[in-house]
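See below for final_25.cif, which holds mmCIF, N, CA and C atoms.
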data_run
#
loop_
_atom_site.label_atom_id
_atom_site.label_comp_id
_atom_site.auth_asym_id
_atom_site.auth_seq_id
_atom_site.Cartn_x
_atom_site.Cartn_y
_atom_site.Cartn_z
N MET A 1 77.81 35.95 154.76
CA MET A 1 77.66 35.64 153.36
C MET A 1 76.26 35.99 152.86
N GLN A 2 75.26 35.77 153.73
CA GLN A 2 73.89 36.05 153.33
C GLN A 2 73.70 37.52 152.99
N LEU A 3 74.29 38.40 153.79
CA LEU A 3 74.16 39.83 153.54
C LEU A 3 74.84 40.23 152.24
N CYS A 4 75.96 39.61 151.93
CA CYS A 4 76.66 39.90 150.66
C CYS A 4 75.78 39.51 149.47
N VAL A 5 75.13 38.36 149.57
CA VAL A 5 74.26 37.91 148.49
C VAL A 5 73.11 38.89 148.32
N LEU A 6 72.49 39.30 149.43
CA LEU A 6 71.38 40.26 149.34
C LEU A 6 71.86 41.59 148.78
N GLY A 7 73.06 42.02 149.18
CA GLY A 7 73.60 43.27 148.67
C GLY A 7 73.80 43.24 147.16
N ASN A 8 74.15 42.08 146.62
CA ASN A 8 74.35 41.95 145.18
C ASN A 8 73.04 41.77 144.42
N LEU A 9 72.08 41.09 145.03
CA LEU A 9 70.81 40.82 144.34
C LEU A 9 69.81 41.97 144.46
N CYS A 10 69.96 42.82 145.46
CA CYS A 10 69.13 44.01 145.67
C CYS A 10 67.63 43.71 145.75
N PRO A 11 67.20 42.82 146.64
CA PRO A 11 65.77 42.61 146.79
C PRO A 11 65.12 43.84 147.41
N GLU A 12 63.84 44.05 147.13
CA GLU A 12 63.14 45.22 147.64
C GLU A 12 62.26 44.91 148.84
N THR A 13 61.87 43.65 149.01
CA THR A 13 60.99 43.30 150.12
C THR A 13 61.58 42.15 150.93
N VAL A 14 61.03 41.97 152.12
CA VAL A 14 61.46 40.87 152.99
C VAL A 14 61.14 39.54 152.31
N GLU A 15 59.99 39.46 151.68
CA GLU A 15 59.59 38.21 151.01
C GLU A 15 60.56 37.84 149.89
N GLU A 16 60.97 38.84 149.11
CA GLU A 16 61.96 38.59 148.05
C GLU A 16 63.27 38.12 148.66
N SER A 17 63.68 38.74 149.75
CA SER A 17 64.93 38.38 150.41
C SER A 17 64.92 36.93 150.85
N ILE A 18 63.82 36.52 151.48
CA ILE A 18 63.71 35.14 151.97
C ILE A 18 63.63 34.16 150.81
N ALA A 19 62.96 34.55 149.72
CA ALA A 19 62.89 33.67 148.54
C ALA A 19 64.27 33.49 147.90
N MET A 20 65.07 34.56 147.88
CA MET A 20 66.40 34.48 147.28
C MET A 20 67.41 33.78 148.19
N VAL A 21 67.31 34.04 149.50
CA VAL A 21 68.25 33.47 150.48
C VAL A 21 67.43 32.91 151.64
N PRO A 22 66.89 31.70 151.49
CA PRO A 22 66.03 31.15 152.53
C PRO A 22 66.71 31.02 153.90
N SER A 23 68.01 30.84 153.93
CA SER A 23 68.70 30.66 155.20
C SER A 23 68.77 31.93 156.03
N ILE A 24 68.37 33.07 155.47
CA ILE A 24 68.40 34.32 156.24
C ILE A 24 67.26 34.37 157.26
N LYS A 25 66.21 33.63 157.03
CA LYS A 25 65.05 33.63 157.93
C LYS A 25 65.41 32.90 159.21
N SER A 26 64.95 33.46 160.33
CA SER A 26 65.21 32.88 161.64
C SER A 26 64.55 31.51 161.75
N THR A 27 65.36 30.51 162.11
CA THR A 27 64.85 29.16 162.30
C THR A 27 65.48 28.55 163.55
N THR A 28 64.85 27.54 164.08
CA THR A 28 65.39 26.83 165.22
C THR A 28 65.55 25.37 164.82
N THR A 29 66.65 24.79 165.22
CA THR A 29 66.90 23.40 164.91
C THR A 29 67.38 22.67 166.16
N THR A 30 67.08 21.40 166.24
CA THR A 30 67.58 20.57 167.32
C THR A 30 68.57 19.59 166.74
N LEU A 31 69.76 19.55 167.31
CA LEU A 31 70.78 18.64 166.81
C LEU A 31 70.37 17.20 167.06
N LYS A 32 70.70 16.33 166.14
CA LYS A 32 70.28 14.93 166.23
C LYS A 32 70.89 14.21 167.42
N HIS A 33 72.14 14.50 167.76
CA HIS A 33 72.81 13.74 168.81
C HIS A 33 72.39 14.17 170.22
N THR A 34 71.68 15.26 170.34
CA THR A 34 71.18 15.67 171.66
C THR A 34 69.84 16.35 171.50
N LYS A 35 68.89 15.96 172.28
CA LYS A 35 67.54 16.53 172.20
C LYS A 35 67.42 17.81 173.03
N THR A 36 68.40 18.07 173.88
CA THR A 36 68.26 19.20 174.80
C THR A 36 68.82 20.50 174.23
N PHE A 37 69.61 20.43 173.20
CA PHE A 37 70.24 21.63 172.66
C PHE A 37 69.56 22.05 171.37
N SER A 38 69.12 23.26 171.33
CA SER A 38 68.59 23.79 170.08
C SER A 38 69.26 25.12 169.82
N LYS A 39 69.46 25.42 168.58
CA LYS A 39 70.15 26.64 168.20
C LYS A 39 69.29 27.43 167.23
N GLU A 40 69.22 28.72 167.48
CA GLU A 40 68.47 29.59 166.58
C GLU A 40 69.46 30.46 165.83
N TRP A 41 69.26 30.60 164.53
CA TRP A 41 70.09 31.50 163.75
C TRP A 41 69.21 32.16 162.69
N GLY A 42 69.75 33.16 162.07
CA GLY A 42 68.99 33.89 161.06
C GLY A 42 68.43 35.17 161.65
N TYR A 43 67.56 35.81 160.92
CA TYR A 43 67.01 37.10 161.29
C TYR A 43 65.50 37.08 161.19
N ASP A 44 64.84 37.86 162.04
CA ASP A 44 63.39 37.98 161.93
C ASP A 44 63.06 39.02 160.85
N ASP A 45 61.78 39.14 160.53
CA ASP A 45 61.36 40.02 159.43
C ASP A 45 61.76 41.48 159.67
N GLU A 46 61.66 41.94 160.91
CA GLU A 46 62.03 43.33 161.20
C GLU A 46 63.50 43.59 160.95
N ALA A 47 64.35 42.65 161.35
CA ALA A 47 65.79 42.81 161.13
C ALA A 47 66.13 42.79 159.64
N ILE A 48 65.46 41.93 158.89
CA ILE A 48 65.69 41.87 157.44
C ILE A 48 65.25 43.18 156.80
N GLU A 49 64.10 43.71 157.21
CA GLU A 49 63.61 44.98 156.68
C GLU A 49 64.60 46.11 156.97
N LYS A 50 65.15 46.13 158.17
CA LYS A 50 66.14 47.16 158.51
C LYS A 50 67.39 47.02 157.65
N MET A 51 67.83 45.79 157.42
CA MET A 51 69.00 45.58 156.55
C MET A 51 68.74 46.09 155.14
N LEU A 52 67.55 45.80 154.62
CA LEU A 52 67.20 46.27 153.27
C LEU A 52 67.18 47.79 153.21
N ASN A 53 66.63 48.43 154.24
CA ASN A 53 66.61 49.89 154.28
C ASN A 53 68.02 50.46 154.35
N ASP A 54 68.87 49.85 155.18
CA ASP A 54 70.25 50.31 155.29
C ASP A 54 71.00 50.16 153.96
N MET A 55 70.79 49.02 153.29
CA MET A 55 71.45 48.81 152.00
C MET A 55 70.95 49.81 150.96
N SER A 56 69.67 50.14 151.01
CA SER A 56 69.11 51.12 150.09
C SER A 56 69.73 52.49 150.31
N LEU A 57 69.90 52.89 151.56
CA LEU A 57 70.54 54.18 151.86
C LEU A 57 71.98 54.21 151.37
N ILE A 58 72.69 53.12 151.56
CA ILE A 58 74.08 53.05 151.11
C ILE A 58 74.15 53.19 149.59
N LYS A 59 73.27 52.50 148.89
CA LYS A 59 73.27 52.58 147.42
C LYS A 59 72.93 53.99 146.94
N LYS A 60 71.98 54.66 147.61
CA LYS A 60 71.64 56.04 147.24
C LYS A 60 72.84 56.96 147.47
N PHE A 61 73.53 56.75 148.58
CA PHE A 61 74.70 57.58 148.88
C PHE A 61 75.81 57.33 147.86
N GLU A 62 76.02 56.07 147.48
CA GLU A 62 77.03 55.76 146.46
C GLU A 62 76.67 56.42 145.14
N LEU A 63 75.39 56.40 144.77
CA LEU A 63 74.95 57.04 143.53
C LEU A 63 75.22 58.54 143.60
N PHE A 64 74.90 59.15 144.72
CA PHE A 64 75.13 60.58 144.90
C PHE A 64 76.62 60.90 144.73
N LEU A 65 77.49 60.10 145.35
CA LEU A 65 78.93 60.34 145.22
C LEU A 65 79.40 60.18 143.78
N CYS A 66 78.87 59.21 143.07
CA CYS A 66 79.23 59.01 141.67
C CYS A 66 78.81 60.21 140.83
N LEU A 67 77.59 60.69 141.06
CA LEU A 67 77.10 61.84 140.29
C LEU A 67 77.93 63.09 140.58
N VAL A 68 78.28 63.30 141.84
CA VAL A 68 79.11 64.45 142.19
C VAL A 68 80.48 64.33 141.54
N SER A 69 81.05 63.14 141.57
CA SER A 69 82.36 62.91 140.97
C SER A 69 82.34 63.20 139.47
N VAL A 70 81.30 62.77 138.78
CA VAL A 70 81.19 63.01 137.34
C VAL A 70 81.06 64.50 137.07
N ARG A 71 80.25 65.17 137.86
CA ARG A 71 80.08 66.61 137.66
C ARG A 71 81.39 67.36 137.87
N ILE A 72 82.12 67.00 138.90
CA ILE A 72 83.39 67.68 139.18
C ILE A 72 84.41 67.37 138.08
N SER A 73 84.45 66.11 137.65
CA SER A 73 85.42 65.75 136.61
C SER A 73 85.10 66.42 135.27
N ASN A 74 83.85 66.82 135.08
CA ASN A 74 83.46 67.54 133.86
C ASN A 74 83.61 69.04 134.01
N GLY A 75 84.19 69.48 135.12
CA GLY A 75 84.42 70.90 135.31
C GLY A 75 83.26 71.65 135.91
N TYR A 76 82.23 70.95 136.34
CA TYR A 76 81.07 71.61 136.92
C TYR A 76 81.21 71.57 138.44
N TYR A 77 81.16 72.71 139.07
CA TYR A 77 81.24 72.78 140.52
C TYR A 77 80.14 73.70 141.02
N ASP A 78 79.40 73.23 141.96
CA ASP A 78 78.33 74.03 142.55
C ASP A 78 78.47 73.93 144.06
N SER A 79 78.62 75.05 144.73
CA SER A 79 78.83 75.05 146.18
C SER A 79 77.63 74.48 146.92
N ARG A 80 76.45 74.44 146.28
CA ARG A 80 75.28 73.86 146.94
C ARG A 80 75.49 72.37 147.21
N ILE A 81 76.28 71.70 146.37
CA ILE A 81 76.57 70.28 146.59
C ILE A 81 77.24 70.09 147.94
N TRP A 82 78.19 70.91 148.25
CA TRP A 82 78.96 70.74 149.48
C TRP A 82 78.24 71.30 150.69
N SER A 83 77.31 72.22 150.50
CA SER A 83 76.58 72.78 151.63
C SER A 83 75.41 71.89 152.05
N GLY A 84 75.09 70.90 151.25
CA GLY A 84 74.01 69.98 151.59
C GLY A 84 72.65 70.45 151.12
N THR A 85 72.56 71.55 150.39
CA THR A 85 71.27 72.06 149.93
C THR A 85 70.91 71.57 148.53
N TYR A 86 71.82 70.85 147.90
CA TYR A 86 71.58 70.35 146.54
C TYR A 86 70.98 68.97 146.62
N GLN A 87 69.81 68.76 146.07
CA GLN A 87 69.12 67.48 146.14
C GLN A 87 69.54 66.58 144.98
N THR A 88 69.59 65.27 145.24
CA THR A 88 70.04 64.33 144.21
C THR A 88 69.13 64.32 143.00
N GLN A 89 67.84 64.62 143.15
CA GLN A 89 66.96 64.61 141.98
C GLN A 89 67.27 65.75 141.03
N ASN A 90 68.01 66.77 141.49
CA ASN A 90 68.42 67.86 140.61
C ASN A 90 69.60 67.49 139.73
N MET A 91 70.25 66.40 140.05
CA MET A 91 71.48 66.06 139.33
C MET A 91 71.17 65.39 138.06
#
Show me the file's structure as structure tokens.
Amino acid sequence: MQLCVLGNLCPETVEESIAMVPSIKSTTTTLKHTKTFSKEWGYDDEAIEKMLNDMSLIKKFELFLCLVSVRISNGYYDSRIWSGTYQTQNM
């Protein structure tokens, strides 16, 4: 659920991510009924940063696909799009 929230809110930094979804940060807790068991959950800063980078790449790819789709639906076709030599900033 935490990743879905971050995907919708689109934070740019680890600090923003933790501020928006505090439970994503790695924490350790000891259960009240037993002092010997502790459980760690969440993600460290490096893992959160990697998730943000991955989500950013996915969003860029989705944008590229949308732009290509619009161009094709408008009757514009350029073989450079399919050969991989066409850059998204040219669109």
### Query
Near A:Gln2, within 8 Å and counting all atoms listed in the file, which residues show up once chain neighbours fewer than 2 positions away are dropped, as a PyMOL selection string?
chain A and resi 4-8+21+23-24
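Note that the spacing between atom CA of A:Cys10 and atom C of A:Arg71 amounts to 27.5 Å.
Excluding A:Val14 itself and same-chain residues fewer than 5 positions from it, the residues having an atom within 7 Å of it are Ala19, Asp45, Ile48 and Glu49 of chain A, counting only N, CA and C atoms.
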### Query
Please, what distance in Å, to one decimal, runs between atom CA of A:Leu52 and atom CA of A:Pro11?
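So the two atoms, atom CA of A:Leu52 and atom CA of A:Pro11, lie 7.6 Å apart.
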### Task
Please indicate the distance in Å from atom CA of A:Ala47 to atom N of A:Leu65, rounded to one decimal place.
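Going from atom CA of A:Ala47 over to atom N of A:Leu65 covers 26.2 Å.
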### Query
Which residue, A:Glu15, A:Ile72, A:Ser26, A:Ser56, has the smallest gap to A:Asp44 when you use only N, CA and C atoms?
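Using only N, CA and C atoms, A:Asp44 sits closest to A:Ser26.
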